[in-house]
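> For reference, the structure I am asking about is given below.
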Amino acid sequence: MSVRTTEAPPGPTPTDGDRLPREHVRVIALLLVSAFVVILNETTMGVALPAVMEEFDIPESSGQWLTTGFLLTMAVVIPSTGWLLQRLGTRGAFILAMSLFTTGTFLAAIAPVFGLLVAARVVQASGTAIMMPLLMTTVMSTVPPHRRGRVMGNVSLVIAVAPALGPTVSGGVVTALGWREVFWVVLPIAAVSLLLGSLLVRDVADRARTRLDPLSLLLAAVAFGGLVYGLSALGEAAQHDLPLSPAVPLVAGAVFLGLFVWRQLVLQRTDSALLDLRVFRAPGFSVGLSVMAVSMIAMFGMIIGLPLVLQRGMGLDALTAGLLMLPGGLLMGLLGPVVGRLYDRVGPRPLAIPGVAAVGVAMLLFASLSPTSPLWLVVVGHLVLSLGLAFIFTPTFTSALGGLRPGLYSHGSAAITTVQQLAGAAGTAMFVALLTLRKVTLLDAGATEAEATAGGAQLAFTVAAVVIVGALVLATRLRKSEAPQPAPAH
C-alpha cells in the first residue's frame, strides 16, 4: 500500500506567470550542472581504455568491463528510480546520487588494481542512474506546462551533449595528463555540487511511503541487466568467440522482462509498483518514447562508429577525432534552449519531423566516408546530426512526460531513462556487429585495414539511415500533450 505524506516544506507553487520561484530556479540549475557532470562521465572511458589497459596489463576483453559494468549497473538501478524518488524526495535522492558518484570518482582516481577501478565505476553508475530521472521529475513538478519546452531544452542539452563531449574531454585530458586525471578533474566539481545541494535542495513534491518490493527489484535486475549485457555481447561476439552465447542473456532478459511486467501490473493496482506501467497509457508517451529510442540508437552508434572510422579508417589520433566532433556538440548545446522555446510555440511535430530527417541525412553522409575523405565532410556530417538531434530530444521528452499526471512523473522519467540505456546498448551492438562482419569480409577479399574499417562503417551507417525512416513515420504522430486529468480511484 502507498500512504501519501506531505513532507515537502511549504513553498511557492508554479503559476502561469513568466517567472519561476527563485528556489526552484536554483534547484533546477544545480541539477542541470550535476547531471551534466555525471552523464559526461558515462562516455569518458572509451578513449582512456588503451592507457588503462597498458597500466594494469590487461587485455581488451577485460578493459571493456569499465564500460559494460557501468551500463549494466545503470540498467539495473534505473527501473527502481521511480520508487526511489517518491520515497526519498528531491533532496534525499540528490544527496544519495551525488554521494555515490563522488565516492565512486574518488575510488576510481586512486584505484591501485583493476578490480577496484571496475567497482568504482559501478558506484559511479549507481549515482548517475538516479540523476537523470531526478532532473526530469523535478522540471515536470515545478515548471508550468507553457514553459516546460524551454526548460526541457536545457535538459536535452545534458542528455545529448554530455555523452557526445565525453570522448573529446577525455581525449584531451588523457593526452595531456593521464587517465587518472579524468577522475581528478571531475571530483572537485562533484564534491562542490554535493555540498551546494545539501544546502540548497529541498523537496519540491510530496513523498510516498511506498513499500519496496524485493521480487520486482530482482526481476528488474535480471531483465534489464540481461538485455543490456546480451546486446553488448552481440557486438563483441562479432569480433571473436565468447564462452557464453549472447542469446542466453538476451532470452533470459526477455523472459524476466515479461515476469517484471506481470508483477508491476499486479502491484500498480495498489500504487506500489517499482515501475508504474500506466505511463504507457498516457497520450503521446509511447510515441514520443519510440522516436527518442530510435534516435538514441543512431546517436550511440555514431559515438562508437565514427571514432573507429576516424582513427582506424582515416588514421587520426584520438584527440583529433574528438575535436572534429566538438563543433557538433557545441551546436547542440546552443540549440537546446532555442528548440525549447520553439516547442512552447508550435509543439513537437513541426520540430521532430525535420530533426529526424536531418539525422537520416547525417547517417548517409557518414556512410560516404572513406580513408581519403576530406575532414570537413566529417564536421559537416556531425553538425547536421547534432542539428537533427537537438530538434528531436526536447520535443519528444516534453511531449511524452507532458501527458502524465504528476504522480507518474518519476515513473515516466525512469521509463525514459531505462529505454535510453537499452537503445544505447542496441545502437552500439548494431554498429559494432555490422562494422565487424563487413570488415572481415573485406579483409578476406584483400582490402587494407583502413579500407575494411571504412567499408564496415559504410554498411553500419547505411542501415542506421534505414532505421531512421521508422522514426520519421512515428514523428508524424507526435502531438503536444494536454494537461492530464486526475486519475480515477482504484
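Identifiers for the C-alpha cells are assigned positionally: chains receive A, B, ... in sequence, residues are indexed from 1 per chain, and ligands are indexed from 1 in the order shown.
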Which residues are close to segment 274-280 of chain A, i.e. within 7 Å by only C-alpha atoms, leaving aside same-chain residues fewer than 3 positions away? Reply as number ranges by chain.

A: 79-80, 82-83, 213, 216, 264, 268, 285-286, 404, 408, 411-412

> Write the residues of the selection above to a file with N, CA and C atoms, as a PDB file, in the first residue's frame.


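For reference, again_0.pdb as written:
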ATOM      1  N   PRO A  79      15.390   1.256 -13.331  1.00  0.00           N
ATOM      2  CA  PRO A  79      13.964   0.925 -13.153  1.00  0.00           C
ATOM      3  C   PRO A  79      13.438   1.181 -11.744  1.00  0.00           C
ATOM      4  N   SER A  80      14.322   1.203 -10.752  1.00  0.00           N
ATOM      5  CA  SER A  80      13.873   1.433  -9.377  1.00  0.00           C
ATOM      6  C   SER A  80      13.836   2.910  -9.006  1.00  0.00           C
ATOM      7  N   GLY A  82      11.988   5.362 -10.078  1.00  0.00           N
ATOM      8  CA  GLY A  82      10.646   5.912  -9.893  1.00  0.00           C
ATOM      9  C   GLY A  82      10.207   5.765  -8.449  1.00  0.00           C
ATOM     10  N   TRP A  83      10.382   4.550  -7.902  1.00  0.00           N
ATOM     11  CA  TRP A  83      10.067   4.315  -6.496  1.00  0.00           C
ATOM     12  C   TRP A  83      10.993   5.128  -5.597  1.00  0.00           C
ATOM     13  N   ASP A 213       9.310  -3.581  -3.187  1.00  0.00           N
ATOM     14  CA  ASP A 213       9.024  -4.982  -3.476  1.00  0.00           C
ATOM     15  C   ASP A 213      10.318  -5.673  -3.911  1.00  0.00           C
ATOM     16  N   SER A 216      10.275  -7.477  -7.358  1.00  0.00           N
ATOM     17  CA  SER A 216      10.359  -6.585  -8.519  1.00  0.00           C
ATOM     18  C   SER A 216      11.800  -6.163  -8.771  1.00  0.00           C
ATOM     19  N   GLN A 264       4.505  -5.809 -12.092  1.00  0.00           N
ATOM     20  CA  GLN A 264       4.154  -4.387 -11.968  1.00  0.00           C
ATOM     21  C   GLN A 264       2.660  -4.159 -12.197  1.00  0.00           C
ATOM     22  N   GLN A 268       0.640  -2.229  -9.328  1.00  0.00           N
ATOM     23  CA  GLN A 268       0.160  -0.870  -9.576  1.00  0.00           C
ATOM     24  C   GLN A 268      -1.318  -0.706  -9.218  1.00  0.00           C
ATOM     25  N   PHE A 285       2.840   9.328 -24.844  1.00  0.00           N
ATOM     26  CA  PHE A 285       4.044   8.855 -24.162  1.00  0.00           C
ATOM     27  C   PHE A 285       4.786   7.814 -24.997  1.00  0.00           C
ATOM     28  N   SER A 286       4.068   6.808 -25.463  1.00  0.00           N
ATOM     29  CA  SER A 286       4.724   5.724 -26.210  1.00  0.00           C
ATOM     30  C   SER A 286       5.300   6.218 -27.535  1.00  0.00           C
ATOM     31  N   LEU A 404       1.443  12.935 -18.695  1.00  0.00           N
ATOM     32  CA  LEU A 404       1.299  12.172 -17.457  1.00  0.00           C
ATOM     33  C   LEU A 404       0.708  13.031 -16.348  1.00  0.00           C
ATOM     34  N   LEU A 408       2.834  10.364 -11.676  1.00  0.00           N
ATOM     35  CA  LEU A 408       3.561   9.416 -12.526  1.00  0.00           C
ATOM     36  C   LEU A 408       4.825  10.011 -13.147  1.00  0.00           C
ATOM     37  N   HIS A 411       7.935   7.925 -12.450  1.00  0.00           N
ATOM     38  CA  HIS A 411       7.923   6.643 -13.160  1.00  0.00           C
ATOM     39  C   HIS A 411       8.122   6.851 -14.668  1.00  0.00           C
ATOM     40  N   GLY A 412       7.543   7.924 -15.214  1.00  0.00           N
ATOM     41  CA  GLY A 412       7.763   8.222 -16.625  1.00  0.00           C
ATOM     42  C   GLY A 412       9.219   8.539 -16.907  1.00  0.00           C
TER      43      GLY A 412
END

> Considering only C-alpha atoms, return as an mmCIF file with C-alpha atoms, in the first residue's frame whatever protein or nucleic-acid residues lie within 6 Å of segment 247-250 of chain A, sequence-local ones (same chain, fewer than 4 positions apart) excluded.


data_model
loop_
_atom_site.group_PDB
_atom_site.id
_atom_site.type_symbol
_atom_site.label_atom_id
_atom_site.label_comp_id
_atom_site.auth_asym_id
_atom_site.auth_seq_id
_atom_site.Cartn_x
_atom_site.Cartn_y
_atom_site.Cartn_z
ATOM 1 C CA GLY A 226 20.391 -9.448 -19.148
ATOM 2 C CA LEU A 227 19.147 -7.385 -22.080
ATOM 3 C CA GLY A 230 23.272 -9.535 -24.203
#

> Have a look at atom CA of Val76 of chain A and atom CA of Leu219 of chain A and let me know their distance in Å, one decimal.

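Between atom CA of Val76 of chain A and atom CA of Leu219 of chain A the gap works out to 9.6 Å.
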
> Mind checking which residues fall within 8 Å of Thr102 of chain A, counting only C-alpha atoms, ignoring those fewer than 4 positions away in the same chain, and posting them as a list of chain:residue names?

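The filter keeps A:Met98, A:Phe106, A:Gln124, A:Leu187, A:Ala190, A:Ala191.
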
> Rounded to one decimal in Å, what is the spacing between atom CA of Gln311 of chain A and atom CA of Ala390 of chain A?

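Going from atom CA of Gln311 of chain A over to atom CA of Ala390 of chain A covers 26.2 Å.
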
> In Å, with one decimal, what is the gap from atom CA of Ala450 of chain A to atom CA of Val294 of chain A?

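Between these atoms lies a distance of 28.8 Å.
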
> Using only C-alpha atoms, which of the listed residues (A:Gly171, A:Gly127, A:Gly315, A:Gly347) sits closest to Leu375 of chain A?

A:Gly315

> Using only C-alpha atoms for the distances, tell me which of A:Tyr409, A:Phe101, A:Phe393, A:Phe431 is nearest to Met131 of chain A.

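Checking each candidate against Met131 of chain A, we get A:Phe101 as the closest.
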
> Find, counting only C-alpha atoms, the residue in A:Leu135, A:Leu195, A:Ile78, A:Leu342 that gets nearest to Leu217 of chain A.

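That would be A:Ile78, the residue with the smallest distance to Leu217 of chain A.
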
> For Val201 of chain A, work out the shell of residues within 8 Å, counting only C-alpha atoms and skipping chain neighbours fewer than 5 positions away, then give it as a list in words.

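Here the qualifying residues turn out to be Val27, Thr90, Arg91, Phe94 and Leu196 of chain A.
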
> Any idea what's packed within 9 Å of Leu66 of chain A, counting only C-alpha atoms, ignoring anything in its chain fewer than 2 positions away? Could you give it as a ChimeraX atom specification?

/A:45-46,49,62-64,68-71,117-119,121-122

> Could you save the residues just selected, with N, CA and C atoms, as a compact mmCIF listing (two decimals), in the first residue's frame?


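The resulting file, result-v3.txt, is shown below:
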# COMPACT_ATOMS: atom_id res chain seq x y z
N MET A 45 35.45 6.73 -20.71
CA MET A 45 36.39 5.61 -20.60
C MET A 45 36.81 5.03 -21.95
N GLY A 46 36.00 5.24 -23.00
CA GLY A 46 36.35 4.67 -24.29
C GLY A 46 37.70 5.13 -24.79
N LEU A 49 40.64 3.93 -22.43
CA LEU A 49 40.82 2.49 -22.26
C LEU A 49 42.23 1.99 -22.61
N SER A 62 38.97 -7.62 -20.95
CA SER A 62 38.82 -7.23 -19.54
C SER A 62 38.57 -5.73 -19.42
N GLY A 63 39.28 -4.94 -20.20
CA GLY A 63 39.12 -3.49 -20.14
C GLY A 63 37.72 -3.03 -20.46
N GLN A 64 37.03 -3.76 -21.33
CA GLN A 64 35.68 -3.37 -21.73
C GLN A 64 34.71 -3.36 -20.56
N THR A 68 31.08 -1.79 -19.90
CA THR A 68 29.99 -2.75 -19.75
C THR A 68 29.44 -2.75 -18.32
N GLY A 69 30.33 -2.73 -17.33
CA GLY A 69 29.89 -2.69 -15.94
C GLY A 69 29.09 -1.45 -15.62
N PHE A 70 29.50 -0.32 -16.19
CA PHE A 70 28.78 0.93 -16.00
C PHE A 70 27.37 0.82 -16.57
N LEU A 71 27.27 0.33 -17.81
CA LEU A 71 25.96 0.20 -18.46
C LEU A 71 25.07 -0.80 -17.74
N LEU A 117 38.99 -0.44 -9.75
CA LEU A 117 38.55 0.54 -10.74
C LEU A 117 37.17 0.17 -11.29
N VAL A 118 36.96 -1.11 -11.59
CA VAL A 118 35.65 -1.56 -12.07
C VAL A 118 34.59 -1.34 -10.99
N ALA A 119 34.93 -1.68 -9.73
CA ALA A 119 33.98 -1.48 -8.63
C ALA A 119 33.64 0.00 -8.47
N ARG A 121 33.62 2.25 -10.83
CA ARG A 121 32.72 2.61 -11.93
C ARG A 121 31.29 2.17 -11.63
N VAL A 122 31.14 1.04 -10.95
CA VAL A 122 29.80 0.58 -10.57
C VAL A 122 29.17 1.55 -9.57

> Just want the 6 Å neighbourhood of segment 149-153 of chain A, counted on only C-alpha atoms, with same-chain residues fewer than 2 positions away dropped. Output as a PyMOL selection string.

chain A and resi 147+155-156+336-337+340-341+343-344+394

> Assign secondary structure with DSSP using the backbone only, and return the residues of segment 213-365 of chain A in helix (DSSP H, G or I) as JSON, numbers by chain.

{"A": [214, 215, 216, 217, 218, 219, 220, 221, 222, 223, 224, 225, 226, 227, 228, 229, 230, 231, 232, 233, 234, 235, 236, 237, 247, 248, 249, 250, 251, 252, 253, 254, 255, 256, 257, 258, 259, 260, 261, 262, 263, 264, 265, 266, 267, 268, 269, 270, 277, 278, 279, 280, 281, 285, 286, 287, 288, 289, 290, 291, 292, 293, 294, 295, 296, 297, 298, 299, 300, 301, 302, 303, 304, 305, 306, 307, 308, 309, 310, 311, 312, 313, 318, 319, 320, 321, 322, 323, 324, 326, 327, 328, 329, 330, 331, 332, 333, 334, 335, 336, 337, 338, 339, 340, 341, 342, 343, 344, 345, 346, 349, 350, 351, 352, 353, 354, 355, 356, 357, 358, 359, 360, 361, 362, 363, 364, 365]}

> Excluding same-chain residues fewer than 4 positions from segment 377-382 of chain A, what lies within 6 Å of it counting only C-alpha atoms, as a ChimeraX atom specification?

/A:324,328,362,365

> Restricting it to C-alpha atoms, dump the selection as a PDB file, in the first residue's frame.


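File produced: again_6.pdb:
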ATOM      1  CA  LEU A 324      36.270  17.033 -35.109  1.00  0.00           C
ATOM      2  CA  GLY A 328      28.540  19.494 -33.371  1.00  0.00           C
ATOM      3  CA  ALA A 362      23.782  12.711 -41.465  1.00  0.00           C
ATOM      4  CA  LEU A 365      26.909  11.474 -45.146  1.00  0.00           C
TER       5      LEU A 365
END

> Check the smallest atom-to-atom distance from each of A:Leu107, A:Val228, A:Leu351, A:Leu385 to Gly427 of chain A using only C-alpha atoms, then report the winner.

A:Val228

> From the list A:Pro395, A:Pro246, A:Gly305, A:Gly322, which residue is nearest Met292 of chain A when using only C-alpha atoms?

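The answer is A:Pro395, which sits nearest to Met292 of chain A.
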